[in-house]
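**Student:** This is the structure I have questions about; it appears just below.
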Amino acid sequence: MSDSLHDRITDQFSYRGERADIWRGFDFLLDTESFLNMGYSPWYLPYVLGSSQRRLAIKIATELKPRLVDTEETQLLDVGCGRGGPTIELAEELNVPALGVDLVPFNIATARTNATTHGIGAKFLVGDATGLPIATNTVDVCTAVDSLVYIPDKPAAFEELARVLKSGGVLAISDLLMSDSVGTAEADAVTDFAEAWDMPPLSTVEQYLTDLEHAGVTIDTVQDITANSIGRFQKWTRLYLFFEMHIEGVVERLLSHWGMDRQAVSEQIRHAHRALPHLRHLLVTATRR
């Protein structure tokens, strides 16, 4: 990861710089003190009812449970753990000790506080997904909940996940990807979105799954959960842009009152709204060969 991208990601999630303002807005709607992932909501639940982000962690735990016959000595690693919410939920749901690793020191400090508050003995370390501070062949279960989208070198990250997993170990990844069948204009919209949100270029679904298998794992299941996350999020971007167009002054004053830069927030939301129809949110499980 380049120093520039590293710094931008760190600033964004440490509430520094204008691109962190969008997360201040999310703080009013989502449980971003603990979770930074896209979330998951079944059709019958509003996205902001309860914690959609927590629901994604629980869904991943539900997918993993049948794979873990004996959890007494199971070790779980959550890569890109953010502020610890997914790690804590996975540790609770699976009843296993867990270690979370994240690039951003602010996130790790927050995750440690959250674990203490929840009375969970999960541990957290600062680290890079392409150079994990974990010994080879030591992890039984590895997860990455919407975190690898910030990693430019996906093959290197996949190889690290495979390296730390034991043979037969289980991997569960949720991630944001670009649809395979997009034209030039659509691909440009996705590129602009990634840049506006301090992400590297997004992989296509086909390339992502190919790179994952080349790392030494066998893909077991691929679930497209787009309708339960991105599809729900589009309603909010549409609503924001409607209000901005018709009551711009009110939006300006409201965001200014909250200490947010309307221009920066609106730019990110506009790029997201244009790109969302061309994105896919996948949940993939795999086994280390």
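Naming works like this for the structure tokens: A, B, ... for the chains as they're shown, residue 1 at the start of each chain, ligands 1 onward in shown order.
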Which residues come within 6 Å of region 192-198 of chain A, counting only C-alpha atoms, excluding same-chain residues fewer than 6 positions away, as a PyMOL selection string?
**Tutor:** chain A and resi 268+271-272
**Student:** Take the residues just selected and output them with C-alpha atoms as a short mmCIF file (atom, residue, chain, number, x, y, z; two decimals), in the first residue's frame.
**Tutor:**
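The new file again.cif reads:
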```cif
data_model
loop_
_atom_site.label_atom_id
_atom_site.label_comp_id
_atom_site.auth_asym_id
_atom_site.auth_seq_id
_atom_site.Cartn_x
_atom_site.Cartn_y
_atom_site.Cartn_z
CA GLN A 268 -18.90 11.31 -1.90
CA HIS A 271 -20.18 9.31 -6.61
CA ALA A 272 -21.63 6.52 -4.48
#
```
**Student:** Where does region 28-67 of chain A meet region 97-118 of chain A within 10 Å, residue by residue, with the nearest atom pair and distance in Å to one decimal for each, counting only C-alpha atoms, listed by chain and rising number, as JSON lines?
**Tutor:**
```
{"residue": "A:Glu33", "atom": "CA", "partner": "A:Thr110", "partner_atom": "CA", "distance": 7.7}
{"residue": "A:Ser34", "atom": "CA", "partner": "A:Asn114", "partner_atom": "CA", "distance": 7.0}
{"residue": "A:Phe35", "atom": "CA", "partner": "A:Ala111", "partner_atom": "CA", "distance": 9.5}
{"residue": "A:Leu36", "atom": "CA", "partner": "A:Asn107", "partner_atom": "CA", "distance": 9.8}
```
**Student:** What is the CA of Ser179 (chain A) to CA of Arg280 (chain A) distance in Å?
**Tutor:**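 It comes out at 6.0 Å.
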**Student:** My list of candidates is A:Leu94, A:Leu239, A:Met199, A:Val170. Which is closest to Asn137 (chain A) when distances are computed with only C-alpha atoms?
**Tutor:**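 That would be A:Val170, the residue with the smallest distance to Asn137 (chain A).
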**Student:** I need the residue nearest Ala61 (chain A) from this list: A:Gly127, A:Gly80, A:Gly119, A:Pro86. Use only C-alpha atoms for the distance.
**Tutor:**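 Comparing A:Gly127, A:Gly80, A:Gly119, A:Pro86 against Ala61 (chain A), the winner is A:Pro86.
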**Student:** Apply DSSP to the backbone of this structure and, from region 61-215 of chain A, keep only the residues in strand (DSSP E); write these as a ChimeraX atom specification.
**Tutor:** /A:76-79,98-102,123-126,139-145,165-178
**Student:** Here is a test: counting only C-alpha atoms, which residue of A:Glu89, A:Asp78, A:Asp153, A:Asp146 is nearest to Met1 (chain A)?
**Tutor:**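 Looking at the shortest contact to Met1 (chain A), the residue is A:Asp153.
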**Student:** Name the residues of region 183-285 of chain A that come out as helix (DSSP H, G or I) in a backbone DSSP run; write them as a PyMOL selection string.
**Tutor:** chain A and resi 184-196+205-214+226-228+230-246+248-257+262-278
**Student:** Keeping only C-alpha atoms, write the selected residues to a file as a tab-separated table (two decimals), in the first residue's frame.
**Tutor:**
```tsv
chain	number	residue	atom	x	y	z
A	184	THR	CA	-16.57	2.00	-19.91
A	185	ALA	CA	-18.89	4.66	-18.48
A	186	GLU	CA	-20.00	2.38	-15.64
A	187	ALA	CA	-16.41	1.36	-14.85
A	188	ASP	CA	-15.44	5.04	-14.76
A	189	ALA	CA	-18.26	5.71	-12.28
A	190	VAL	CA	-16.95	2.93	-10.04
A	191	THR	CA	-13.39	4.29	-10.31
A	192	ASP	CA	-14.58	7.78	-9.33
A	193	PHE	CA	-16.49	6.31	-6.39
A	194	ALA	CA	-13.44	4.39	-5.16
A	195	GLU	CA	-11.26	7.48	-5.39
A	196	ALA	CA	-13.81	9.64	-3.55
A	205	VAL	CA	-16.29	-10.46	-9.23
A	206	GLU	CA	-14.60	-12.89	-11.64
A	207	GLN	CA	-11.09	-11.55	-11.00
A	208	TYR	CA	-11.63	-11.53	-7.25
A	209	LEU	CA	-12.72	-15.15	-7.05
A	210	THR	CA	-9.92	-16.23	-9.40
A	211	ASP	CA	-7.28	-14.47	-7.28
A	212	LEU	CA	-8.73	-16.02	-4.13
A	213	GLU	CA	-8.52	-19.57	-5.46
A	214	HIS	CA	-4.97	-18.98	-6.74
A	226	THR	CA	-26.27	-6.91	-2.77
A	227	ALA	CA	-30.04	-6.52	-2.44
A	228	ASN	CA	-29.70	-6.64	1.35
A	230	ILE	CA	-26.16	-1.85	-1.44
A	231	GLY	CA	-29.74	-2.04	-2.67
A	232	ARG	CA	-30.98	-0.64	0.63
A	233	PHE	CA	-28.25	2.01	0.80
A	234	GLN	CA	-29.27	3.43	-2.59
A	235	LYS	CA	-32.52	4.68	-1.07
A	236	TRP	CA	-30.54	6.83	1.35
A	237	THR	CA	-28.25	8.32	-1.30
A	238	ARG	CA	-31.30	9.13	-3.43
A	239	LEU	CA	-33.02	10.79	-0.47
A	240	TYR	CA	-29.97	12.90	0.38
A	241	LEU	CA	-29.55	14.09	-3.21
A	242	PHE	CA	-33.27	14.95	-3.39
A	243	PHE	CA	-33.05	17.12	-0.27
A	244	GLU	CA	-29.82	18.72	-1.46
A	245	MET	CA	-31.45	19.68	-4.74
A	246	HIS	CA	-34.67	21.10	-3.28
A	248	GLU	CA	-29.88	23.08	-0.38
A	249	GLY	CA	-29.73	25.86	2.20
A	250	VAL	CA	-31.24	23.69	4.92
A	251	VAL	CA	-28.80	20.86	4.16
A	252	GLU	CA	-25.91	23.33	4.20
A	253	ARG	CA	-26.90	24.79	7.58
A	254	LEU	CA	-27.58	21.38	9.10
A	255	LEU	CA	-24.22	19.90	8.08
A	256	SER	CA	-22.43	23.08	9.09
A	257	HIS	CA	-24.08	22.86	12.51
A	262	ARG	CA	-21.32	19.81	2.70
A	263	GLN	CA	-19.30	19.93	-0.50
A	264	ALA	CA	-17.10	17.00	0.56
A	265	VAL	CA	-20.05	14.95	1.84
A	266	SER	CA	-22.14	15.64	-1.27
A	267	GLU	CA	-19.27	14.70	-3.59
A	268	GLN	CA	-18.90	11.31	-1.90
A	269	ILE	CA	-22.63	10.64	-1.91
A	270	ARG	CA	-23.01	11.62	-5.57
A	271	HIS	CA	-20.18	9.31	-6.61
A	272	ALA	CA	-21.63	6.52	-4.48
A	273	HIS	CA	-25.09	6.94	-5.97
A	274	ARG	CA	-23.75	6.71	-9.54
A	275	ALA	CA	-21.62	3.67	-8.76
A	276	LEU	CA	-23.95	1.61	-6.55
A	277	PRO	CA	-25.94	0.04	-9.44
A	278	HIS	CA	-22.67	-1.37	-10.80
```
**Student:** Which one of A:Val284, A:Ala172, A:Gly259, A:Leu68 sits closest to Asp21 (chain A) if you count only C-alpha atoms?
**Tutor:**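 That would be A:Gly259, the residue with the smallest distance to Asp21 (chain A).
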**Student:** Interatomic distance between CA of Gln223 (chain A) and CA of Glu73 (chain A)?
**Tutor:**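 Going from CA of Gln223 (chain A) over to CA of Glu73 (chain A) covers 28.3 Å.
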**Student:** Considering only C-alpha atoms, state which residue in the set A:Gly82, A:Gly216, A:Pro200, A:Gly50 is at the smallest distance from Val126 (chain A).
**Tutor:**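 Ranking A:Gly82, A:Gly216, A:Pro200, A:Gly50 by distance to Val126 (chain A), first place goes to A:Gly82.
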**Student:** CA of Ala286 (chain A) and CA of Ile219 (chain A) are how many Å apart?
**Tutor:**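 Straight-line distance from CA of Ala286 (chain A) to CA of Ile219 (chain A) works out to 4.2 Å.
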